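One file, input32.txt, is given below (compact mmCIF, C-alpha atoms).
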# COMPACT_ATOMS: atom_id res chain seq x y z
CA MET A 1 -29.43 21.38 -82.92
CA LYS A 2 -30.40 25.02 -83.04
CA THR A 3 -28.44 27.25 -80.73
CA ASP A 4 -28.80 30.96 -80.14
CA CYS A 5 -25.07 31.37 -79.58
CA ILE A 6 -23.55 34.00 -81.86
CA PHE A 7 -20.65 31.64 -82.59
CA SER A 8 -23.03 29.03 -84.00
CA ALA A 9 -22.74 30.34 -87.57
CA SER A 10 -18.94 30.08 -87.40
CA ILE A 11 -18.92 26.35 -86.78
CA SER A 12 -19.65 25.33 -90.38
CA PRO A 13 -16.88 27.51 -91.90
CA TYR A 14 -14.61 26.29 -89.08
CA ILE A 15 -15.16 22.69 -90.24
CA ASP A 16 -14.45 23.81 -93.81
CA ASP A 17 -11.31 25.68 -92.75
CA GLU A 18 -12.78 28.88 -94.16
CA LEU A 19 -12.35 31.03 -91.03
CA SER A 20 -9.52 33.51 -90.69
CA ALA A 21 -6.77 32.62 -88.23
CA GLU A 22 -8.10 35.23 -85.82
CA ASP A 23 -11.69 33.93 -85.96
CA THR A 24 -10.49 30.36 -85.65
CA GLU A 25 -8.63 31.20 -82.47
CA ARG A 26 -11.63 33.07 -81.09
CA LEU A 27 -13.95 30.12 -81.80
CA ARG A 28 -11.54 27.64 -80.21
CA LEU A 29 -11.50 29.69 -77.03
CA HIS A 30 -15.29 29.90 -77.10
CA LEU A 31 -15.69 26.14 -77.56
CA LYS A 32 -13.91 25.57 -74.26
CA THR A 33 -16.74 27.30 -72.42
CA CYS A 34 -19.87 26.66 -74.59
CA SER A 35 -21.30 23.15 -74.45
CA ALA A 36 -24.04 23.93 -77.02
CA CYS A 37 -21.46 24.89 -79.64
CA ARG A 38 -19.29 21.92 -78.72
CA ASN A 39 -22.28 19.65 -79.23
CA GLN A 40 -23.08 21.28 -82.56
CA LEU A 41 -19.50 20.84 -83.72
CA ARG A 42 -19.57 17.18 -82.69
CA VAL A 43 -22.85 16.50 -84.55
CA LEU A 44 -21.83 18.38 -87.71
CA SER A 45 -18.42 16.73 -87.78
CA ALA A 46 -20.00 13.28 -87.43
CA MET A 47 -22.38 14.08 -90.27
CA GLU A 48 -19.46 15.28 -92.36
CA VAL A 49 -17.88 11.87 -92.00
CA GLN A 50 -21.13 10.17 -93.06
CA LEU A 51 -21.48 12.39 -96.13
CA ALA A 52 -17.88 11.99 -97.20
CA ALA A 53 -18.07 8.23 -96.74
CA MET A 54 -20.84 7.74 -99.30
CA PRO A 55 -19.38 5.32 -101.86
CA PRO A 56 -18.95 6.61 -105.42
CA ILE A 57 -20.78 5.01 -108.31
CA THR A 58 -19.07 3.95 -111.51
CA PRO A 59 -20.48 4.90 -114.92
CA SER A 60 -22.47 2.16 -116.64
CA PRO A 61 -20.73 0.36 -119.56
CA ASP A 62 -23.09 2.11 -122.01
CA PHE A 63 -22.19 5.57 -120.81
CA ASP A 64 -19.12 6.08 -123.00
CA ARG A 65 -20.67 4.49 -126.10
CA THR A 66 -23.84 6.60 -125.86
CA PHE A 67 -21.81 9.73 -125.31
CA TRP A 68 -19.51 9.24 -128.30
CA GLN A 69 -22.54 8.48 -130.46
CA LYS A 70 -23.92 11.87 -129.46
CA ILE A 71 -20.60 13.50 -130.31
CA ASP A 72 -20.61 11.79 -133.75
CA ALA A 73 -24.17 13.05 -134.37
CA LEU A 74 -23.07 16.55 -133.34
CA GLU A 75 -20.11 16.44 -135.71
CA GLU A 76 -22.32 15.13 -138.51
CA LYS A 77 -24.65 18.08 -137.94
CA ARG A 78 -21.70 20.49 -138.00
CA ARG A 79 -20.61 19.20 -141.39
CA GLN A 80 -23.97 20.18 -142.92
CA PRO A 81 -24.23 23.52 -144.77
CA ALA A 82 -24.99 26.49 -142.52
CA TRP A 83 -28.53 26.98 -143.80
CA LYS A 84 -29.35 23.31 -143.18
CA GLN A 85 -27.88 23.50 -139.70
CA TRP A 86 -30.07 26.49 -139.03
CA LEU A 87 -33.19 24.77 -140.39
CA ASN A 88 -32.57 21.62 -138.38
CA GLY A 89 -31.35 23.34 -135.27
CA ASP A 90 -33.02 24.47 -132.10
CA ARG A 91 -32.65 28.08 -133.20
CA LEU A 92 -35.39 27.66 -135.77
CA ARG A 93 -37.71 26.23 -133.13
CA GLU A 94 -37.05 29.24 -130.93
CA TRP A 95 -37.68 31.65 -133.78
CA ARG A 96 -40.77 29.87 -135.15
CA PRO A 97 -43.43 32.09 -133.48
CA ALA A 98 -41.61 35.26 -134.53
CA LEU A 99 -41.24 33.98 -138.09
CA ALA A 100 -44.95 33.07 -138.27
CA ALA A 101 -45.91 36.55 -137.06
CA ALA A 102 -43.55 38.19 -139.58
CA ALA A 103 -44.99 36.06 -142.41
CA GLY A 104 -48.52 37.11 -141.42
CA VAL A 105 -47.58 40.78 -141.44
CA LEU A 106 -45.90 40.40 -144.84
CA ILE A 107 -49.00 38.76 -146.35
CA LEU A 108 -51.24 41.55 -145.01
CA CYS A 109 -48.91 44.26 -146.31
CA GLY A 110 -48.63 42.55 -149.70
CA THR A 111 -52.39 42.23 -150.04
CA PHE A 112 -52.92 45.86 -149.09
CA LEU A 113 -50.26 47.17 -151.48
CA PHE A 114 -51.54 45.02 -154.35
CA THR A 115 -55.15 46.19 -154.02
CA GLN A 116 -54.11 49.83 -153.64
CA ARG A 117 -51.58 49.85 -156.45
CA PRO A 118 -52.42 52.39 -159.25
CA SER A 119 -52.49 50.93 -162.80
CA GLU A 120 -49.61 51.55 -165.15
CA THR A 121 -51.79 53.85 -167.33
CA GLY A 122 -52.52 56.13 -164.41
CA PHE A 123 -56.28 55.32 -164.41
CA SER A 124 -58.05 53.99 -161.38
CA ALA A 125 -59.71 50.55 -161.37
CA ASP A 126 -63.21 52.16 -161.71
CA GLU A 127 -62.11 54.17 -164.72
CA ILE A 128 -60.79 51.06 -166.43
CA VAL A 129 -64.08 49.23 -165.85
CA MET A 130 -65.99 52.19 -167.35
CA SER A 131 -63.76 52.32 -170.41
CA GLN A 132 -64.34 48.63 -171.03
CA ASN A 133 -68.13 49.21 -171.05
CA LEU A 134 -68.34 52.34 -173.13
CA GLU A 135 -71.16 50.97 -175.33
CA LEU A 136 -73.45 50.72 -172.34
CA LEU A 137 -72.49 54.16 -171.20
CA THR A 138 -73.67 55.71 -174.50
CA ASP A 139 -77.24 54.97 -173.30
CA TYR A 140 -76.46 56.57 -169.99
CA GLU A 141 -78.65 59.60 -170.67
CA ILE A 142 -81.72 57.42 -171.28
CA VAL A 143 -81.03 55.30 -168.25
CA ARG A 144 -80.59 58.39 -166.12
CA HIS A 145 -84.10 59.58 -167.10
CA LEU A 146 -85.73 56.18 -166.71
CA ASP A 147 -88.56 57.54 -164.54
CA PHE A 148 -89.49 60.10 -167.15
CA LEU A 149 -89.41 57.42 -169.84
CA GLU A 150 -91.72 55.15 -167.83
CA GLN A 151 -94.14 58.03 -167.21
CA TRP A 152 -94.06 58.88 -170.92
CA MET A 153 -94.82 55.28 -171.84
CA ASP A 154 -97.72 55.15 -169.35
CA PHE A 155 -99.03 58.42 -170.76
CA SER A 156 -98.84 57.08 -174.32
CA GLU A 157 -100.64 53.87 -173.33
CA ASN A 158 -103.45 55.86 -171.64
CA ASP A 159 -103.86 58.02 -174.73
CA ALA A 160 -104.17 54.94 -176.90
CA THR A 161 -106.80 53.46 -174.58
CA ASP A 162 -108.82 56.68 -174.56
CA ALA A 163 -108.78 56.82 -178.29
CA MET B 1 0.99 30.25 -120.46
CA HIS B 2 -1.25 28.21 -118.16
CA THR B 3 0.41 25.61 -115.97
CA ASP B 4 -2.84 23.75 -115.22
CA PRO B 5 -2.66 20.67 -117.49
CA ASP B 6 -6.46 20.51 -117.70
CA ILE B 7 -6.60 24.07 -119.03
CA GLN B 8 -3.98 23.21 -121.62
CA LEU B 9 -6.01 20.17 -122.69
CA MET B 10 -9.16 22.26 -122.88
CA LEU B 11 -7.43 24.88 -125.01
CA ARG B 12 -6.33 22.09 -127.33
CA CYS B 13 -9.96 20.89 -127.47
CA GLY B 14 -10.89 24.35 -128.69
CA GLU B 15 -8.44 23.91 -131.54
CA GLY B 16 -10.19 20.69 -132.55
CA ASP B 17 -7.96 18.19 -130.75
CA ASN B 18 -10.39 15.36 -129.97
CA GLU B 19 -7.76 13.35 -128.15
CA ALA B 20 -7.40 16.17 -125.62
CA PHE B 21 -11.16 16.16 -125.12
CA ARG B 22 -11.15 12.40 -124.67
CA LYS B 23 -8.53 12.69 -121.92
CA LEU B 24 -10.57 15.26 -120.04
CA PHE B 25 -13.73 13.18 -120.49
CA VAL B 26 -12.06 10.08 -119.04
CA ARG B 27 -10.52 12.09 -116.20
CA TYR B 28 -13.74 13.75 -115.07
CA ARG B 29 -16.66 11.53 -116.11
CA THR B 30 -16.86 9.58 -112.81
CA LYS B 31 -16.63 12.74 -110.71
CA ILE B 32 -19.32 14.48 -112.73
CA ILE B 33 -21.65 11.48 -112.72
CA ASN B 34 -21.23 11.15 -108.95
CA TYR B 35 -21.95 14.81 -108.43
CA CYS B 36 -25.11 14.51 -110.54
CA PHE B 37 -26.05 11.28 -108.78
CA ARG B 38 -25.75 12.78 -105.32
CA PHE B 39 -27.74 15.76 -106.53
CA CYS B 40 -30.66 13.90 -108.15
CA ALA B 41 -30.47 10.50 -106.40
CA ASP B 42 -31.18 8.60 -109.61
CA ARG B 43 -28.44 6.74 -111.44
CA SER B 44 -30.04 6.82 -114.87
CA ILE B 45 -30.87 10.53 -114.65
CA ALA B 46 -27.36 11.20 -113.33
CA GLU B 47 -25.84 9.59 -116.42
CA ASP B 48 -28.11 11.64 -118.71
CA LEU B 49 -27.10 14.80 -116.87
CA GLY B 50 -23.45 13.77 -117.05
CA GLN B 51 -23.70 13.36 -120.81
CA GLU B 52 -25.33 16.77 -121.09
CA VAL B 53 -22.46 18.29 -119.10
CA PHE B 54 -19.82 16.85 -121.44
CA LEU B 55 -21.82 17.76 -124.54
CA ARG B 56 -21.95 21.36 -123.31
CA MET B 57 -18.23 21.22 -122.61
CA TYR B 58 -17.60 19.95 -126.15
CA ARG B 59 -19.78 22.66 -127.70
CA ALA B 60 -18.17 25.37 -125.55
CA ALA B 61 -14.61 24.27 -126.35
CA PRO B 62 -14.00 26.68 -129.27
CA LYS B 63 -15.03 29.65 -127.11
CA TYR B 64 -13.31 28.48 -123.92
CA ARG B 65 -11.35 31.16 -122.05
CA PRO B 66 -9.35 30.06 -119.00
CA ASP B 67 -10.68 32.75 -116.64
CA ALA B 68 -11.08 30.29 -113.77
CA GLY B 69 -9.69 26.87 -112.96
CA PHE B 70 -10.84 24.17 -115.33
CA ARG B 71 -12.41 22.10 -112.55
CA THR B 72 -14.41 25.11 -111.34
CA TRP B 73 -15.53 25.82 -114.91
CA LEU B 74 -16.61 22.22 -115.53
CA PHE B 75 -18.48 21.96 -112.23
CA THR B 76 -20.21 25.26 -112.99
CA ILE B 77 -21.63 23.60 -116.11
CA ALA B 78 -22.59 20.54 -114.05
CA THR B 79 -24.26 22.67 -111.39
CA ASN B 80 -26.23 24.59 -114.01
CA VAL B 81 -27.33 21.35 -115.67
CA CYS B 82 -28.42 19.85 -112.32
CA LEU B 83 -30.22 23.00 -111.15
CA ASN B 84 -32.00 23.38 -114.51
CA ASP B 85 -33.09 19.77 -114.43
CA ALA B 86 -34.37 20.07 -110.87
CA ARG B 87 -36.24 23.26 -111.77
CA ARG B 88 -37.81 21.59 -114.80
CA LYS B 89 -38.88 18.53 -112.87
CA ARG B 90 -40.17 20.33 -109.82
CA GLY B 91 -43.85 19.62 -109.57
CA GLN B 92 -43.64 16.67 -111.92
CA ALA B 93 -42.16 14.32 -109.36
CA GLY B 94 -42.48 14.47 -105.61
CA THR B 95 -39.45 14.91 -103.43
CA LEU B 96 -37.93 11.85 -101.87
CA SER B 97 -38.70 11.19 -98.29
CA ILE B 98 -36.66 9.20 -95.85
CA ASP B 99 -39.36 6.51 -95.76
CA ALA B 100 -39.64 6.14 -99.56
CA PRO B 101 -37.64 3.82 -101.83
CA ILE B 102 -34.45 5.43 -102.98
CA PHE B 103 -31.67 4.77 -105.47
CA THR B 104 -28.20 4.13 -104.17
CA ALA B 105 -24.89 3.04 -105.60
CA GLU B 106 -26.00 -0.54 -105.03
CA GLY B 107 -29.50 -0.24 -106.48
CA THR B 108 -32.95 0.55 -105.13
CA ALA B 109 -33.52 0.21 -101.42
CA MET B 110 -36.07 0.92 -98.75
CA PRO B 111 -34.63 2.75 -95.77
CA GLU B 112 -35.56 1.21 -92.46
CA ILE B 113 -36.08 4.16 -90.24
CA ASP B 114 -38.77 2.94 -87.89
CA ASP B 115 -36.35 1.74 -85.31
CA PRO B 116 -32.81 2.86 -85.98
CA THR B 117 -31.71 1.73 -82.56
CA GLY B 118 -32.82 -1.79 -83.42
CA HIS B 119 -29.33 -2.40 -84.81
CA PRO B 120 -26.57 -3.20 -82.38
CA ALA B 121 -25.63 -0.02 -80.54
CA GLY B 122 -27.79 2.01 -82.93
CA ARG B 123 -25.21 1.53 -85.67
CA LEU B 124 -26.63 1.50 -89.16
CA LEU B 125 -25.47 -0.89 -91.81
CA ASP B 126 -23.37 0.86 -94.45
CA HIS B 127 -25.94 0.46 -97.18
CA GLU B 128 -28.81 1.70 -95.05
CA GLN B 129 -26.67 4.53 -93.85
CA GLU B 130 -25.94 5.64 -97.39
CA THR B 131 -29.63 5.36 -98.26
CA ILE B 132 -30.69 7.52 -95.35
CA VAL B 133 -28.02 10.15 -95.93
CA GLN B 134 -28.92 10.31 -99.65
CA ALA B 135 -32.61 10.68 -98.81
CA ALA B 136 -31.81 13.44 -96.34
CA LEU B 137 -29.73 15.21 -99.00
CA THR B 138 -32.67 15.25 -101.41
CA LYS B 139 -34.70 17.06 -98.77
CA LEU B 140 -32.44 20.10 -99.00
CA PRO B 141 -33.25 23.01 -101.32
CA ASP B 142 -31.37 22.70 -104.62
CA LYS B 143 -28.73 25.36 -103.98
CA GLN B 144 -28.02 24.18 -100.44
CA ARG B 145 -27.58 20.65 -101.76
CA ALA B 146 -25.30 21.80 -104.58
CA ALA B 147 -23.19 23.92 -102.22
CA LEU B 148 -22.81 21.10 -99.69
CA LEU B 149 -21.90 18.53 -102.34
CA LEU B 150 -19.38 20.84 -103.97
CA ARG B 151 -17.79 21.47 -100.57
CA ILE B 152 -17.88 18.01 -99.01
CA HIS B 153 -17.45 15.69 -101.98
CA HIS B 154 -15.40 17.85 -104.30
CA GLU B 155 -13.60 20.11 -101.82
CA PHE B 156 -14.20 23.40 -103.56
CA SER B 157 -13.50 26.56 -101.56
CA TYR B 158 -16.31 28.95 -100.71
CA SER B 159 -15.10 31.40 -103.37
CA GLU B 160 -15.09 28.67 -106.03
CA ILE B 161 -18.58 27.58 -105.00
CA ALA B 162 -19.72 31.20 -105.11
CA ALA B 163 -18.50 31.40 -108.72
CA GLN B 164 -20.37 28.21 -109.59
CA LEU B 165 -23.62 29.24 -107.96
CA HIS B 166 -23.37 32.86 -109.13
CA CYS B 167 -23.66 34.27 -105.62
CA SER B 168 -21.46 35.85 -102.96
CA GLU B 169 -19.16 33.99 -100.59
CA GLY B 170 -21.37 35.12 -97.72
CA ALA B 171 -24.35 33.48 -99.41
CA VAL B 172 -22.35 30.26 -99.83
CA LYS B 173 -21.43 30.33 -96.15
CA THR B 174 -25.13 30.65 -95.27
CA LEU B 175 -26.19 27.94 -97.74
CA ILE B 176 -23.69 25.45 -96.36
CA HIS B 177 -24.39 26.34 -92.74
CA ARG B 178 -28.15 25.96 -93.19
CA GLY B 179 -27.76 22.80 -95.26
CA ARG B 180 -25.63 21.21 -92.56
CA ARG B 181 -28.09 22.17 -89.85
CA VAL B 182 -31.08 20.74 -91.73
CA LEU B 183 -29.17 17.54 -92.45
CA ALA B 184 -28.09 17.28 -88.83
CA GLU B 185 -31.68 17.65 -87.65
CA ILE B 186 -32.77 14.82 -89.96
CA LEU B 187 -29.83 12.57 -89.28
CA THR B 188 -29.08 13.18 -85.61
CA PRO B 189 -31.14 10.15 -84.45
CA TYR B 190 -28.93 7.92 -86.60
CA PHE B 191 -25.67 9.29 -85.26
CA LYS B 192 -26.56 8.76 -81.65
CA GLU B 193 -24.66 6.03 -79.90
CA GLY B 194 -22.12 4.31 -81.98
CA THR B 195 -21.09 6.63 -84.78
Show me, as structure tokens, the structure contained in the file I just sent.
Amino acid sequence: MKTDCIFSASISPYIDDELSAEDTERLRLHLKTCSACRNQLRVLSAMEVQLAAMPPITPSPDFDRTFWQKIDALEEKRRQPAWKQWLNGDRLREWRPALAAAAGVLILCGTFLFTQRPSETGFSADEIVMSQNLELLTDYEIVRHLDFLEQWMDFSENDATDA
Amino acid sequence: MHTDPDIQLMLRCGEGDNEAFRKLFVRYRTKIINYCFRFCADRSIAEDLGQEVFLRMYRAAPKYRPDAGFRTWLFTIATNVCLNDARRKRGQAGTLSIDAPIFTAEGTAMPEIDDPTGHPAGRLLDHEQETIVQAALTKLPDKQRAALLLRIHHEFSYSEIAAQLHCSEGAVKTLIHRGRRVLAEILTPYFKEGT
């Protein structure tokens, strides 16, 4: 089937009537002298007949009914409000990963902003905690010198023992 | 004003005229199903693909612009649907071989290729012949198959096929030429003596 003849590639468009008048004439002249191209034209033309002769099929009886059911479903979907169409549609499925990522980012940002938010009074969270425990803080001086207090108590106990 | 009656019907579809759509559907459904059938070699899949083609046509109706002939536009949709389906299924199902069972217009059949000259004068029975040609078609790469079918069964010009396959006319010429040569190599034994 393969031929090295440079006219070989023109045979298919010749069959399809896609060659210019000039090229058609040139190929016809060539075919008179080239048996390989003549053979190729004969084989391809015969195959063309076989392909064109394949009998058509007819649609099954269910084809129309199934199709119009799909059209009805489509119309039903179109009658829904836009937001519902969007929620039920393929678009949402396409956007789902992006929406999940955006929701994650929003939650992180929200958490960060909430924990970093200054109070309405202008005090920090630590300052508020301190103000709520002021009674404890009045003993702060004693607590700060706890070591000295312990040493003092030990010293007192030793004195009492010696006495 | 477009003189092509199909374009006029399609424009009416875009305005919500369902009767116009129904006319186009009835006019083209057999052609589209046959194109899909010759492409995928399976009647049931061909009908599914055909329905997808007309659903896309219905959805596209409001945005339809008659830039090309209606037939070219519709077969572009069909070609896209067939090529997408073939791409999706590649790897899932093996390709058909000429010695495997195959679907035809008359049902499932087993091509008898062991001894094609066993028939009188090497002539194949019509049904077997169709089976073998269909099996050979499925051996072609998708675009070659689409180009050949569009040319031979639906008589589109090379420029129309180029528009449908989104390639140049030169590429179409090559696709069809190569497709024919591959088919001829497979089918030549069956054409010898008597066809």
Only residues of chain B matter here; which ones have an atom within 8 Å of chain A, counting only C-alpha atoms? Give them as a PDB file with C-alpha atoms, in the coordinates of the input.
ATOM      1  CA  ARG B  29     -16.660  11.530-116.110  1.00  0.00           C
ATOM      2  CA  THR B  30     -16.860   9.580-112.810  1.00  0.00           C
ATOM      3  CA  ILE B  33     -21.650  11.480-112.720  1.00  0.00           C
ATOM      4  CA  ASN B  34     -21.230  11.150-108.950  1.00  0.00           C
ATOM      5  CA  GLU B  47     -25.840   9.590-116.420  1.00  0.00           C
ATOM      6  CA  GLN B  51     -23.700  13.360-120.810  1.00  0.00           C
ATOM      7  CA  LEU B  55     -21.820  17.760-124.540  1.00  0.00           C
ATOM      8  CA  ALA B 105     -24.890   3.040-105.600  1.00  0.00           C
ATOM      9  CA  GLN B 129     -26.670   4.530 -93.850  1.00  0.00           C
ATOM     10  CA  GLU B 130     -25.940   5.640 -97.390  1.00  0.00           C
ATOM     11  CA  VAL B 133     -28.020  10.150 -95.930  1.00  0.00           C
ATOM     12  CA  ARG B 151     -17.790  21.470-100.570  1.00  0.00           C
ATOM     13  CA  ILE B 152     -17.880  18.010 -99.010  1.00  0.00           C
ATOM     14  CA  HIS B 153     -17.450  15.690-101.980  1.00  0.00           C
ATOM     15  CA  SER B 157     -13.500  26.560-101.560  1.00  0.00           C
ATOM     16  CA  TYR B 158     -16.310  28.950-100.710  1.00  0.00           C
ATOM     17  CA  LYS B 173     -21.430  30.330 -96.150  1.00  0.00           C
ATOM     18  CA  ILE B 176     -23.690  25.450 -96.360  1.00  0.00           C
ATOM     19  CA  HIS B 177     -24.390  26.340 -92.740  1.00  0.00           C
ATOM     20  CA  ARG B 180     -25.630  21.210 -92.560  1.00  0.00           C
ATOM     21  CA  ARG B 181     -28.090  22.170 -89.850  1.00  0.00           C
ATOM     22  CA  LEU B 183     -29.170  17.540 -92.450  1.00  0.00           C
ATOM     23  CA  ALA B 184     -28.090  17.280 -88.830  1.00  0.00           C
ATOM     24  CA  GLU B 185     -31.680  17.650 -87.650  1.00  0.00           C
ATOM     25  CA  LEU B 187     -29.830  12.570 -89.280  1.00  0.00           C
ATOM     26  CA  THR B 188     -29.080  13.180 -85.610  1.00  0.00           C
ATOM     27  CA  PHE B 191     -25.670   9.290 -85.260  1.00  0.00           C
ATOM     28  CA  THR B 195     -21.090   6.630 -84.780  1.00  0.00           C
TER      29      THR B 195
END
One number please: atom CA of B:Glu155 to atom CA of A:Ala21, in Å, one decimal.
19.7 Å
Figure out the distance between atom CA of A:Leu31 and atom CA of B:Pro189, please, to one decimal in Å.
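According to the coordinates, atom CA of B:Pro189 and atom CA of A:Leu31 are separated by 23.3 Å.
Atom pair atom CA of B:Ala60 / atom CA of B:Cys13: separated by 9.5 Å.
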Proximity to B:Arg145 - best of B:Pro62, B:Pro5, B:Gly179, B:Gly170, all atoms listed in the file:
B:Gly179
Which is closest to B:Thr3 among B:Phe70, B:Lys31, B:Gly16, B:Asp42, if we use only C-alpha atoms?
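That would be B:Phe70, the residue with the smallest distance to B:Thr3.
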Select, from B:Asp142, B:Tyr28, B:Gln134, B:Glu15, the residue with the minimum atom-to-atom distance to B:Val81, counting only C-alpha atoms.
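Closest to B:Val81 of all the choices is B:Asp142.
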